Structures are given as C-alpha cells and as structure tokens.
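**Student:** What follows is input.cif; its format and atoms are mmCIF, C-alpha atoms.
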data_target
loop_
_atom_site.label_atom_id
_atom_site.label_comp_id
_atom_site.auth_asym_id
_atom_site.auth_seq_id
_atom_site.Cartn_x
_atom_site.Cartn_y
_atom_site.Cartn_z
CA MET A 1 -18.05 -10.68 -22.38
CA ILE A 2 -16.52 -8.53 -19.65
CA VAL A 3 -18.84 -6.35 -17.58
CA ARG A 4 -17.62 -3.70 -15.16
CA ILE A 5 -19.75 -2.48 -12.27
CA LEU A 6 -18.24 0.87 -11.34
CA GLY A 7 -16.80 0.87 -7.84
CA GLU A 8 -17.03 -2.93 -7.61
CA GLY A 9 -14.94 -4.62 -10.27
CA GLN A 10 -15.29 -6.74 -13.41
CA TRP A 11 -17.17 -9.95 -14.22
CA ASP A 12 -16.94 -12.38 -17.07
CA VAL A 13 -20.51 -12.98 -18.19
CA ALA A 14 -21.59 -15.56 -20.78
CA GLU A 15 -22.80 -14.06 -24.07
CA ASP A 16 -26.17 -15.77 -23.77
CA ARG A 17 -27.02 -13.55 -20.79
CA LEU A 18 -27.04 -10.50 -23.03
CA ASP A 19 -30.76 -10.68 -23.82
CA GLU A 20 -31.63 -10.75 -20.14
CA LEU A 21 -29.20 -7.91 -19.40
CA ASN A 22 -30.76 -5.87 -22.20
CA ARG A 23 -34.22 -6.46 -20.80
CA LEU A 24 -33.12 -5.30 -17.32
CA ASP A 25 -31.23 -2.40 -18.87
CA ALA A 26 -34.39 -1.23 -20.65
CA GLU A 27 -36.10 -1.01 -17.26
CA VAL A 28 -33.25 1.06 -15.86
CA GLU A 29 -33.43 3.36 -18.85
CA ALA A 30 -37.18 3.80 -18.52
CA ALA A 31 -36.74 4.75 -14.85
CA VAL A 32 -34.05 7.29 -15.75
CA GLU A 33 -36.39 8.86 -18.30
CA LYS A 34 -39.23 9.01 -15.80
CA GLY A 35 -36.88 10.45 -13.20
CA ASP A 36 -38.13 7.97 -10.61
CA GLN A 37 -35.29 7.27 -8.19
CA VAL A 38 -36.89 4.33 -6.35
CA THR A 39 -37.82 2.44 -9.53
CA PHE A 40 -34.40 3.29 -10.90
CA SER A 41 -32.54 1.90 -7.85
CA ASN A 42 -34.59 -1.30 -7.92
CA ALA A 43 -34.07 -1.82 -11.66
CA LEU A 44 -30.35 -1.02 -11.43
CA ASN A 45 -29.86 -3.44 -8.56
CA ALA A 46 -31.71 -6.17 -10.43
CA LEU A 47 -29.38 -5.61 -13.38
CA LEU A 48 -26.25 -5.60 -11.20
CA ASN A 49 -27.38 -8.70 -9.31
CA ASP A 50 -27.80 -10.53 -12.58
CA VAL A 51 -24.21 -9.66 -13.52
CA ARG A 52 -22.88 -10.69 -10.11
CA THR A 53 -24.70 -14.02 -10.04
CA ALA A 54 -24.41 -14.99 -13.72
CA GLY A 55 -20.81 -13.86 -14.09
CA SER A 56 -17.54 -14.90 -12.55
CA PRO A 57 -15.32 -12.16 -11.11
CA LEU A 58 -12.09 -11.35 -12.93
CA PRO A 59 -8.90 -11.61 -10.87
CA ASP A 60 -7.66 -8.31 -9.41
CA ASP A 61 -4.59 -8.23 -11.63
CA ALA A 62 -6.53 -8.71 -14.89
CA LEU A 63 -5.90 -5.91 -17.39
CA GLN A 64 -8.88 -6.18 -19.68
CA ASP A 65 -11.20 -3.65 -21.23
CA SER A 66 -14.85 -4.13 -20.42
CA ASP A 67 -17.51 -4.63 -23.06
CA LEU A 68 -20.09 -3.08 -20.80
CA ILE A 69 -19.74 -0.58 -17.98
CA LEU A 70 -22.52 -0.21 -15.43
CA PRO A 71 -23.14 2.51 -12.81
CA PRO A 72 -22.39 1.84 -9.11
CA ALA A 73 -25.16 0.18 -7.06
CA ASP A 74 -25.89 3.32 -5.03
CA ALA A 75 -25.88 5.68 -8.02
CA THR A 76 -28.50 8.38 -8.28
CA ILE A 77 -30.34 9.20 -11.52
CA GLU A 78 -28.43 12.46 -11.50
CA GLU A 79 -25.10 10.59 -11.46
CA VAL A 80 -26.20 8.39 -14.35
CA ARG A 81 -27.07 11.49 -16.34
CA GLU A 82 -23.60 12.83 -15.59
CA LEU A 83 -22.09 9.56 -16.82
CA LEU A 84 -23.88 10.16 -20.10
CA GLU A 85 -22.42 13.62 -20.52
CA ASP A 86 -19.22 14.15 -22.39
CA ASP A 87 -17.49 15.77 -19.49
CA GLY A 88 -18.36 14.85 -15.99
CA LEU A 89 -17.59 12.55 -13.17
CA ILE A 90 -14.34 10.99 -14.21
CA PRO A 91 -11.48 13.14 -13.02
CA GLY A 92 -8.36 13.48 -15.15
CA MET B 1 -28.23 2.04 -28.34
CA SER B 2 -28.95 0.77 -24.86
CA LEU B 3 -28.22 2.81 -21.76
CA MET B 4 -25.35 0.58 -20.68
CA GLN B 5 -23.77 0.71 -24.12
CA ARG B 6 -23.88 4.50 -24.14
CA ILE B 7 -22.39 4.67 -20.64
CA SER B 8 -19.67 2.23 -21.66
CA LEU B 9 -18.73 4.16 -24.80
CA ILE B 10 -18.58 7.52 -23.07
CA PHE B 11 -16.69 6.15 -20.08
CA ARG B 12 -14.06 4.51 -22.28
CA SER B 13 -13.59 7.56 -24.44
CA LYS B 14 -13.06 9.72 -21.34
CA ALA B 15 -10.61 7.22 -19.87
CA ASN B 16 -8.62 7.11 -23.09
CA LYS B 17 -8.54 10.88 -23.40
CA ALA B 18 -6.95 11.02 -19.95
CA LEU B 19 -3.89 9.25 -21.32
CA ASP B 20 -0.77 11.39 -21.79
CA ARG B 21 0.68 10.49 -25.15
CA ALA B 22 4.43 10.94 -25.45
CA GLU B 23 6.49 10.99 -28.61
CA ASP B 24 8.26 7.81 -27.63
CA PRO B 25 5.48 5.34 -26.79
CA ARG B 26 7.71 3.75 -24.18
CA GLU B 27 7.63 7.04 -22.33
CA THR B 28 3.84 7.00 -22.48
CA LEU B 29 4.03 3.80 -20.48
CA ASP B 30 6.18 5.49 -17.85
CA TYR B 31 3.90 8.53 -17.62
CA SER B 32 0.91 6.33 -17.15
CA TYR B 33 2.65 4.26 -14.52
CA GLN B 34 3.53 7.45 -12.66
CA ARG B 35 -0.11 8.49 -12.66
CA GLN B 36 -1.18 5.05 -11.49
CA ILE B 37 1.15 5.32 -8.52
CA GLU B 38 -0.25 8.77 -7.72
CA LEU B 39 -3.80 7.50 -7.94
CA LEU B 40 -2.92 4.58 -5.69
CA SER B 41 -1.68 6.90 -2.97
CA LYS B 42 -4.77 9.07 -3.46
CA VAL B 43 -7.04 6.07 -2.86
CA ARG B 44 -5.09 5.15 0.25
CA ARG B 45 -5.45 8.69 1.57
CA GLY B 46 -9.15 8.40 0.76
CA VAL B 47 -9.43 5.26 2.87
CA ALA B 48 -7.67 7.00 5.77
CA ASP B 49 -9.92 10.08 5.48
CA VAL B 50 -13.09 8.04 5.52
CA ALA B 51 -11.80 6.06 8.50
CA THR B 52 -11.10 9.30 10.38
CA SER B 53 -14.65 10.50 9.73
CA ARG B 54 -16.06 7.18 10.85
CA LYS B 55 -14.10 7.30 14.10
CA ARG B 56 -15.27 10.83 14.75
CA VAL B 57 -18.90 9.75 14.36
CA GLU B 58 -18.28 6.75 16.64
CA LEU B 59 -16.89 9.06 19.29
CA GLN B 60 -19.92 11.31 19.00
CA VAL B 61 -22.27 8.36 19.39
CA ALA B 62 -20.43 7.39 22.58
CA GLN B 63 -20.61 10.94 23.92
CA LEU B 64 -24.30 11.31 23.18
CA GLU B 65 -25.05 7.91 24.70
CA GLN B 66 -23.27 8.91 27.85
CA GLN B 67 -25.30 12.10 27.86
CA ALA B 68 -28.55 10.20 27.38
CA GLN B 69 -27.66 7.96 30.32
CA LYS B 70 -26.93 10.99 32.47
CA LEU B 71 -30.32 12.48 31.62
CA THR B 72 -32.05 9.21 32.52
CA ASP B 73 -30.26 9.21 35.87
CA GLN B 74 -31.29 12.81 36.45
CA ALA B 75 -34.90 12.03 35.60
CA GLN B 76 -34.77 9.17 38.08
CA LYS B 77 -33.42 11.40 40.83
CA ALA B 78 -35.89 14.17 40.03
CA LEU B 79 -38.77 11.73 40.37
CA SER B 80 -37.50 10.38 43.65
CA MET B 81 -37.61 13.96 44.92
CA GLY B 82 -41.11 14.48 43.61
CA ARG B 83 -40.02 16.81 40.81
CA GLU B 84 -41.99 15.42 37.90
CA ASP B 85 -41.57 18.61 35.85
CA LEU B 86 -37.82 18.30 36.01
CA ALA B 87 -37.94 14.58 35.19
CA ARG B 88 -40.12 15.32 32.18
CA GLU B 89 -37.69 17.94 30.94
CA ALA B 90 -34.75 15.56 31.31
CA LEU B 91 -36.58 12.85 29.38
CA THR B 92 -37.63 15.32 26.70
CA ARG B 93 -34.01 16.23 26.17
CA LYS B 94 -33.05 12.60 26.12
CA SER B 95 -35.65 11.92 23.48
CA GLY B 96 -34.01 14.56 21.27
CA LEU B 97 -30.66 12.88 21.78
CA THR B 98 -32.05 9.49 20.84
CA GLY B 99 -32.96 10.82 17.40
CA GLN B 100 -29.45 12.23 16.95
CA ILE B 101 -27.89 8.95 18.05
CA SER B 102 -29.80 6.82 15.54
CA ASP B 103 -28.99 9.38 12.84
CA LEU B 104 -25.29 9.12 13.67
CA ARG B 105 -25.44 5.33 13.73
CA ALA B 106 -26.79 5.38 10.18
CA GLN B 107 -23.95 7.69 9.13
CA GLN B 108 -21.44 5.44 10.82
CA ALA B 109 -22.73 2.45 8.84
CA GLN B 110 -22.58 4.41 5.61
CA LEU B 111 -19.01 5.52 6.25
CA GLN B 112 -18.05 1.96 7.11
CA GLY B 113 -19.46 0.86 3.75
CA GLU B 114 -17.49 3.53 1.89
CA GLU B 115 -14.34 2.57 3.75
CA GLU B 116 -14.73 -1.09 2.76
CA LYS B 117 -15.45 -0.23 -0.88
CA LEU B 118 -12.41 2.04 -1.13
CA THR B 119 -10.19 -0.52 0.57
CA LEU B 120 -11.19 -3.12 -2.03
CA ALA B 121 -10.74 -0.57 -4.82
CA SER B 122 -7.21 0.16 -3.63
CA GLN B 123 -6.40 -3.57 -3.52
CA ARG B 124 -7.69 -4.05 -7.07
CA LEU B 125 -5.79 -1.04 -8.33
CA GLN B 126 -2.61 -2.16 -6.66
CA ALA B 127 -2.82 -5.60 -8.31
CA LYS B 128 -3.45 -3.99 -11.71
CA VAL B 129 -0.65 -1.45 -11.32
CA GLU B 130 1.70 -4.30 -10.50
CA ALA B 131 0.56 -6.24 -13.58
CA PHE B 132 0.96 -3.13 -15.71
CA ARG B 133 4.49 -2.55 -14.43
CA THR B 134 5.54 -6.06 -15.45
CA LYS B 135 4.03 -5.60 -18.88
CA LYS B 136 5.61 -2.19 -19.28
CA GLU B 137 9.10 -3.48 -18.41
CA THR B 138 8.71 -6.34 -20.86
CA ILE B 139 7.68 -3.99 -23.64
CA LYS B 140 10.51 -1.56 -22.91
CA ALA B 141 13.09 -4.34 -22.83
CA THR B 142 11.83 -6.15 -25.89
CA TYR B 143 10.72 -3.57 -28.40
CA THR B 144 12.16 -0.52 -30.10
CA ALA B 145 10.12 2.68 -29.98
CA ALA B 146 8.63 1.93 -33.39
CA GLU B 147 7.69 -1.60 -32.50
CA ALA B 148 6.38 -0.69 -29.08
CA GLN B 149 3.64 1.42 -30.61
CA THR B 150 1.64 -1.63 -31.51
CA ARG B 151 2.00 -3.05 -28.00
CA ILE B 152 0.89 0.07 -26.21
CA ASN B 153 -2.81 -0.48 -26.52
CA GLU B 154 -2.44 -3.97 -25.21
CA ALA B 155 -0.63 -2.66 -22.15
CA PHE B 156 -3.17 0.06 -21.55
CA SER B 157 -6.27 -2.01 -21.93
CA GLY B 158 -7.99 -2.30 -18.62
CA ILE B 159 -5.72 0.01 -16.66
CA SER B 160 -7.11 3.31 -17.97
CA GLU B 161 -10.63 2.05 -17.39
CA GLU B 162 -9.68 1.01 -13.86
CA MET B 163 -8.13 4.40 -13.22
CA GLY B 164 -11.31 6.13 -14.35
CA ASP B 165 -13.34 3.87 -12.09
CA VAL B 166 -11.13 4.32 -9.03
CA GLY B 167 -10.83 8.05 -9.58
CA MET B 168 -14.59 8.27 -9.58
CA ALA B 169 -14.93 6.09 -6.46
CA VAL B 170 -12.54 8.34 -4.52
CA GLN B 171 -14.43 11.42 -5.67
CA ARG B 172 -17.77 9.98 -4.58
CA ALA B 173 -16.40 8.94 -1.19
CA GLU B 174 -14.96 12.43 -0.69
CA ASP B 175 -18.29 14.05 -1.53
CA LYS B 176 -20.22 11.84 0.84
CA THR B 177 -17.70 12.30 3.62
CA ALA B 178 -17.72 16.07 3.17
CA GLN B 179 -21.48 16.19 3.71
CA MET B 180 -21.16 14.16 6.88
CA GLN B 181 -18.23 16.23 8.12
CA ALA B 182 -20.42 19.31 8.04
CA ARG B 183 -23.08 17.59 10.14
CA ALA B 184 -20.47 16.12 12.48
CA GLY B 185 -19.12 19.65 12.98
CA ALA B 186 -22.58 20.85 13.99
CA ILE B 187 -22.90 18.05 16.53
CA ASP B 188 -19.45 18.74 17.96
CA GLU B 189 -20.58 22.34 18.47
CA LEU B 190 -23.72 21.15 20.20
CA ILE B 191 -21.67 19.01 22.55
CA ALA B 192 -19.12 21.76 23.18
CA SER B 193 -21.78 24.39 23.81
CA GLY B 194 -23.06 22.40 26.77
CA ALA B 195 -26.57 22.57 25.35
CA LEU B 196 -26.80 18.84 25.83
CA ASP B 197 -25.35 18.94 29.31
CA ASP B 198 -28.14 18.45 31.76
CA ALA B 199 -31.73 19.09 32.59
CA THR B 200 -30.76 21.82 35.02
CA ALA B 201 -30.14 24.08 32.06
CA ILE B 202 -33.90 24.45 31.66
CA GLY B 203 -34.99 27.98 31.22
CA HIS B 204 -31.85 28.88 29.32
CA GLY B 205 -33.89 27.97 26.29
CA ASP B 206 -31.59 28.73 23.39
CA ASP B 207 -32.16 27.75 19.77
CA ILE B 208 -30.54 24.40 20.21
CA ALA B 209 -32.58 23.51 23.24
CA ARG B 210 -35.77 24.48 21.46
CA GLU B 211 -34.77 22.42 18.47
CA LEU B 212 -34.06 19.44 20.68
CA ASP B 213 -37.45 19.85 22.31
CA ALA B 214 -39.16 20.03 18.95
CA MET B 215 -37.46 16.85 17.81
CA SER B 216 -38.58 14.90 20.80
CA SER B 217 -41.76 12.98 20.79
CA GLY B 218 -44.16 13.88 23.59
CA SER B 219 -45.80 10.51 23.99
CA GLU B 220 -42.44 8.77 24.09
CA VAL B 221 -41.45 11.03 26.96
CA GLU B 222 -44.71 10.41 28.82
CA ASN B 223 -44.33 6.66 28.42
CA GLU B 224 -40.81 6.69 29.73
CA LEU B 225 -41.81 8.97 32.56
CA ALA B 226 -44.58 6.56 33.55
CA ALA B 227 -42.18 3.62 33.47
CA LEU B 228 -39.66 5.52 35.50
CA LYS B 229 -42.33 6.50 38.01
CA ALA B 230 -43.39 2.89 38.42
CA ARG B 231 -39.81 1.90 39.09
CA THR B 232 -39.14 4.83 41.40
CA ASN B 233 -42.27 4.18 43.47
CA GLY B 234 -41.15 0.61 43.89
CA ALA B 235 -37.71 1.68 45.06
CA GLN B 236 -38.80 4.78 46.96
CA GLY B 237 -37.99 3.51 50.40
CA ALA B 238 -34.51 2.47 49.43
CA VAL B 239 -33.74 5.77 47.73
CA GLU B 240 -34.93 7.88 50.63
CA GLY B 241 -33.24 5.72 53.18
CA GLY B 242 -29.90 5.26 51.47
CA ASN B 243 -29.38 8.37 49.40
CA GLY B 244 -31.22 11.24 50.94
CA ALA B 245 -28.80 13.90 49.72
CA ALA B 246 -29.92 15.45 46.45
CA THR B 247 -27.37 16.18 43.77
CA PRO B 248 -26.16 19.78 43.72
CA ALA B 249 -27.47 20.18 40.18
CA LEU B 250 -30.99 19.45 41.26
CA GLU B 251 -30.76 21.54 44.40
CA ALA B 252 -29.89 24.55 42.34
CA GLU B 253 -33.14 24.19 40.50
CA PRO B 254 -36.16 25.25 42.62
CA GLN B 255 -36.20 28.97 41.81
CA LYS B 256 -36.79 28.14 38.16
CA GLU B 257 -39.85 26.13 38.89
CA GLU B 258 -42.39 28.87 38.21
CA GLY B 259 -40.95 29.27 34.71
CA GLN B 260 -41.92 25.72 33.94
CA ALA B 261 -45.52 25.76 35.03
#
Turn the structure described in the file into structure tokens.

**Tutor:**
Amino acid sequence: MIVRILGEGQWDVAEDRLDELNRLDAEVEAAVEKGDQVTFSNALNALLNDVRTAGSPLPDDALQDSDLILPPADATIEEVRELLEDDGLIPG
Amino acid sequence: MSLMQRISLIFRSKANKALDRAEDPRETLDYSYQRQIELLSKVRRGVADVATSRKRVELQVAQLEQQAQKLTDQAQKALSMGREDLAREALTRKSGLTGQISDLRAQQAQLQGEEEKLTLASQRLQAKVEAFRTKKETIKATYTAAEAQTRINEAFSGISEEMGDVGMAVQRAEDKTAQMQARAGAIDELIASGALDDATAIGHGDDIARELDAMSSGSEVENELAALKARTNGAQGAVEGGNGAATPALEAEPQKEEGQA
C-alpha cells in the first residue's frame, strides 16, 4: 500500500505492516483526544518512523494516489484537528 | 475508522474538490496543468522567501556577536582602569545579548529546515508535473473527448494529492516565517536604536535596556567578571605600560558614576 507523509513524500509499505501501523495510529489518536502535545509528537514520530523504515520511497515522478495520508512530523494537535475538518488547511 | 484513515479520506476529498472540471475532459487536463505550473512557481517563491529570512537572521547573529565582543572588550578596558561597576554593566548587557543570539541561532536552524523541506517539495512537484504533462499529451493525442473521460482519473491520480500536500507545505512555511519576521523586525529595531551599542549608554535606561538587564543572569555576569579580573590582573603591567590612553567612550563616563552606586 502507498502511504504519504505530508510534506515528505510517499512510501510503498508492505500490507503486513498494517497491524503495526494501526497500533501506532491508535496511540496517536489517544494523544489527540487527551490534547497532550508531547505524547502526540512522540507517537506520531514513532508512526512516521515505522513508515520510513518499513517502506521504500516512491520515485519523485510517480503519480499514484495514497492509501493512507499521515500528518507532517512537526504537526501540532491543532493542525491534526484542522486536517479532520471539512474545510481547513489545504488551499484551493 | 482509524485516525489516519479519516485524515486520508478528508484530504483526498478536498484535493479532488479543488479540481476544475471542464466540459471537454481534455480541457480539464490543461486547466490542471496550468494550476500545477502556478503552484510550482509558488513553491519556488516560497523557497526564496524562506532563504531571505534565514539570511536576515544570520546577519543579525553576526551583528549581535560583534556587539557582544565589543562589550567584552569594554569590560576588559574598564577593569584595567579600575572601573568594576562599568565592567559589570558591560557584561550584564552582554549576557542579555547571549540569550538573543542563541534564540536567533535556533530560528536560523528552523528556517534552514523549512528551506530544505520546501526545496525537496518543489523537486518532487516538478517531477510529477513533468510526468503529468507527458500523460496529458498522450491522452489528448490518442483519445476523443468521450473516450478521454475514462482516462482522466488515471491522469489525475497522485497529482491532485501532491498539489494539496505542497500547497499545505508552502502555507505552513509562510506562517512560520511570518512569525519569525516579526521577531526579526524587533531585533533590527533594537540594533538600529543603538540600545545595544555600548556600556557607556548606562543611565539612559530605556525599556529595552531594562529588558536586556532583566534577561541577563546575575551569577553569569559575576563569574565572567571574576574571570576577566583574574586575566586583567595578570596582564595589568602590560596594559598600563603599553596602552595607557583610555578610550574616549570610557573617559566620557565618570560623571555618571554616582547614578550607578
């Protein structure tokens, strides 16, 4: 499956990593709900690191939709909440 | 649904909404390409803007470092003339500057990081725009309007998502840079006002000077003063023998002394 880390690019990650990604994602989600920025940053970076190390980067000229899209590494909880709103960060 | 799935769904739907649909699908390809080119030049401007901000901060660091060195020299001279009060004031001011300098260094590193990220984003976008253009030309040459419809989604996959991503990256970099610009402006004003100039400005205690004093750490100043004293005592003979003339700045000082006590 193709995973995009916003601001960084896309990776091709083997399907069997999905369970692990879901586990890390649950931690990110819990931190967002608690509103705890430090826990959130740590959990998000663990998730992103897993994508970067388990996946192989797509070439720059690849034109493929991603199956999963993840927030940028330095995102704040506030920015993630905006990503979950129907109108927000993405201009145009 | 997991957090990442929700983010993905919403992001994609926004990216797709941003697409201008034309009656002739082949025109939709051209519209999109036009917008890709515009976005590409926007990212490149973004890179240049961030670089300008970074250079401005670098220049400020250099200016403040020069200032800090000047204050150290003044403290040294003050001590050699037995003016410990003046030396302490110079070192207090320097201590305020040191805080500003490390703050600016952190900003400089952050701007450098943004610059690198945007540069990579512009390279990725450029490669994708080029790939899209090839695909678009093939579709236009090969298919009639009716047939092209089914090929459109194929051509758009990936590029609209990339455009959403890059658009967001430029926006974030602009926001961060704007915050730093405001602070850089304040520091430029400080430098221009002469508030950082030299220890002989003591007594003209304006807001800025008071703030600088408040930022400085007393014990740090005392430690540096002690070190300077040790060095000055060691070199006393040489200073008095070789460079007896005081600097004009320090000579102008004595009448302010009672204000310091």

**Student:** Written as a list of chain:residue names, what is the full residue list that the PyMOL selection byres ((chain A and resi 78-80) around 10) yields on the file shown?

**Tutor:**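 So the PyMOL selection byres ((chain A and resi 78-80) around 10), applied here, picks out A:Glu29, A:Val32, A:Gly35, A:Gln37, A:Leu70, A:Pro71, A:Pro72, A:Asp74, A:Ala75, A:Thr76, A:Ile77, A:Arg81, A:Glu82, A:Leu83, A:Leu84, A:Glu85, A:Gly88, A:Leu89, B:Leu3, B:Ile7.
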
**Student:** Counting only C-alpha atoms, which residues from chain B have an atom at most 7 Å from any atom of chain A, and could you show them as a PyMOL selection string?

**Tutor:** chain B and resi 3-8+10+18+121+124+127-128+131+157-159+161+164-169

**Student:** Any chance you could resolve the PyMOL selection byres ((chain B and resi 98-106) around 8) against this file and give the residues as a list in words?

**Tutor:** Val57, Glu58, Gln60, Val61, Leu64, Glu65, Ala68, Lys94, Ser95, Gly96, Leu97, Gln107, Gln108, Ala109, Gln110, Met215 and Ser216 of chain B

**Student:** Using all atoms listed in the file for the distances, tell me which of B:Gln76, B:Glu222, B:Gln34, B:Val129 is nearest to B:Thr92.

**Tutor:**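 Ranking B:Gln76, B:Glu222, B:Gln34, B:Val129 by distance to B:Thr92, first place goes to B:Glu222.
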
**Student:** Enumerate, as a tab-separated table (two decimals) with C-alpha atoms, keeping the file's coordinate frame, the residues matched when the PyMOL selection byres ((chain B and resi 44-49) around 8) is run on the file above.

**Tutor:**
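Contents of selection.tsv, as written:
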chain	number	residue	atom	x	y	z
B	40	LEU	CA	-2.92	4.58	-5.69
B	41	SER	CA	-1.68	6.90	-2.97
B	42	LYS	CA	-4.77	9.07	-3.46
B	43	VAL	CA	-7.04	6.07	-2.86
B	50	VAL	CA	-13.09	8.04	5.52
B	51	ALA	CA	-11.80	6.06	8.50
B	52	THR	CA	-11.10	9.30	10.38
B	53	SER	CA	-14.65	10.50	9.73
B	115	GLU	CA	-14.34	2.57	3.75
B	118	LEU	CA	-12.41	2.04	-1.13
B	119	THR	CA	-10.19	-0.52	0.57
B	122	SER	CA	-7.21	0.16	-3.63
B	170	VAL	CA	-12.54	8.34	-4.52
B	173	ALA	CA	-16.40	8.94	-1.19
B	174	GLU	CA	-14.96	12.43	-0.69
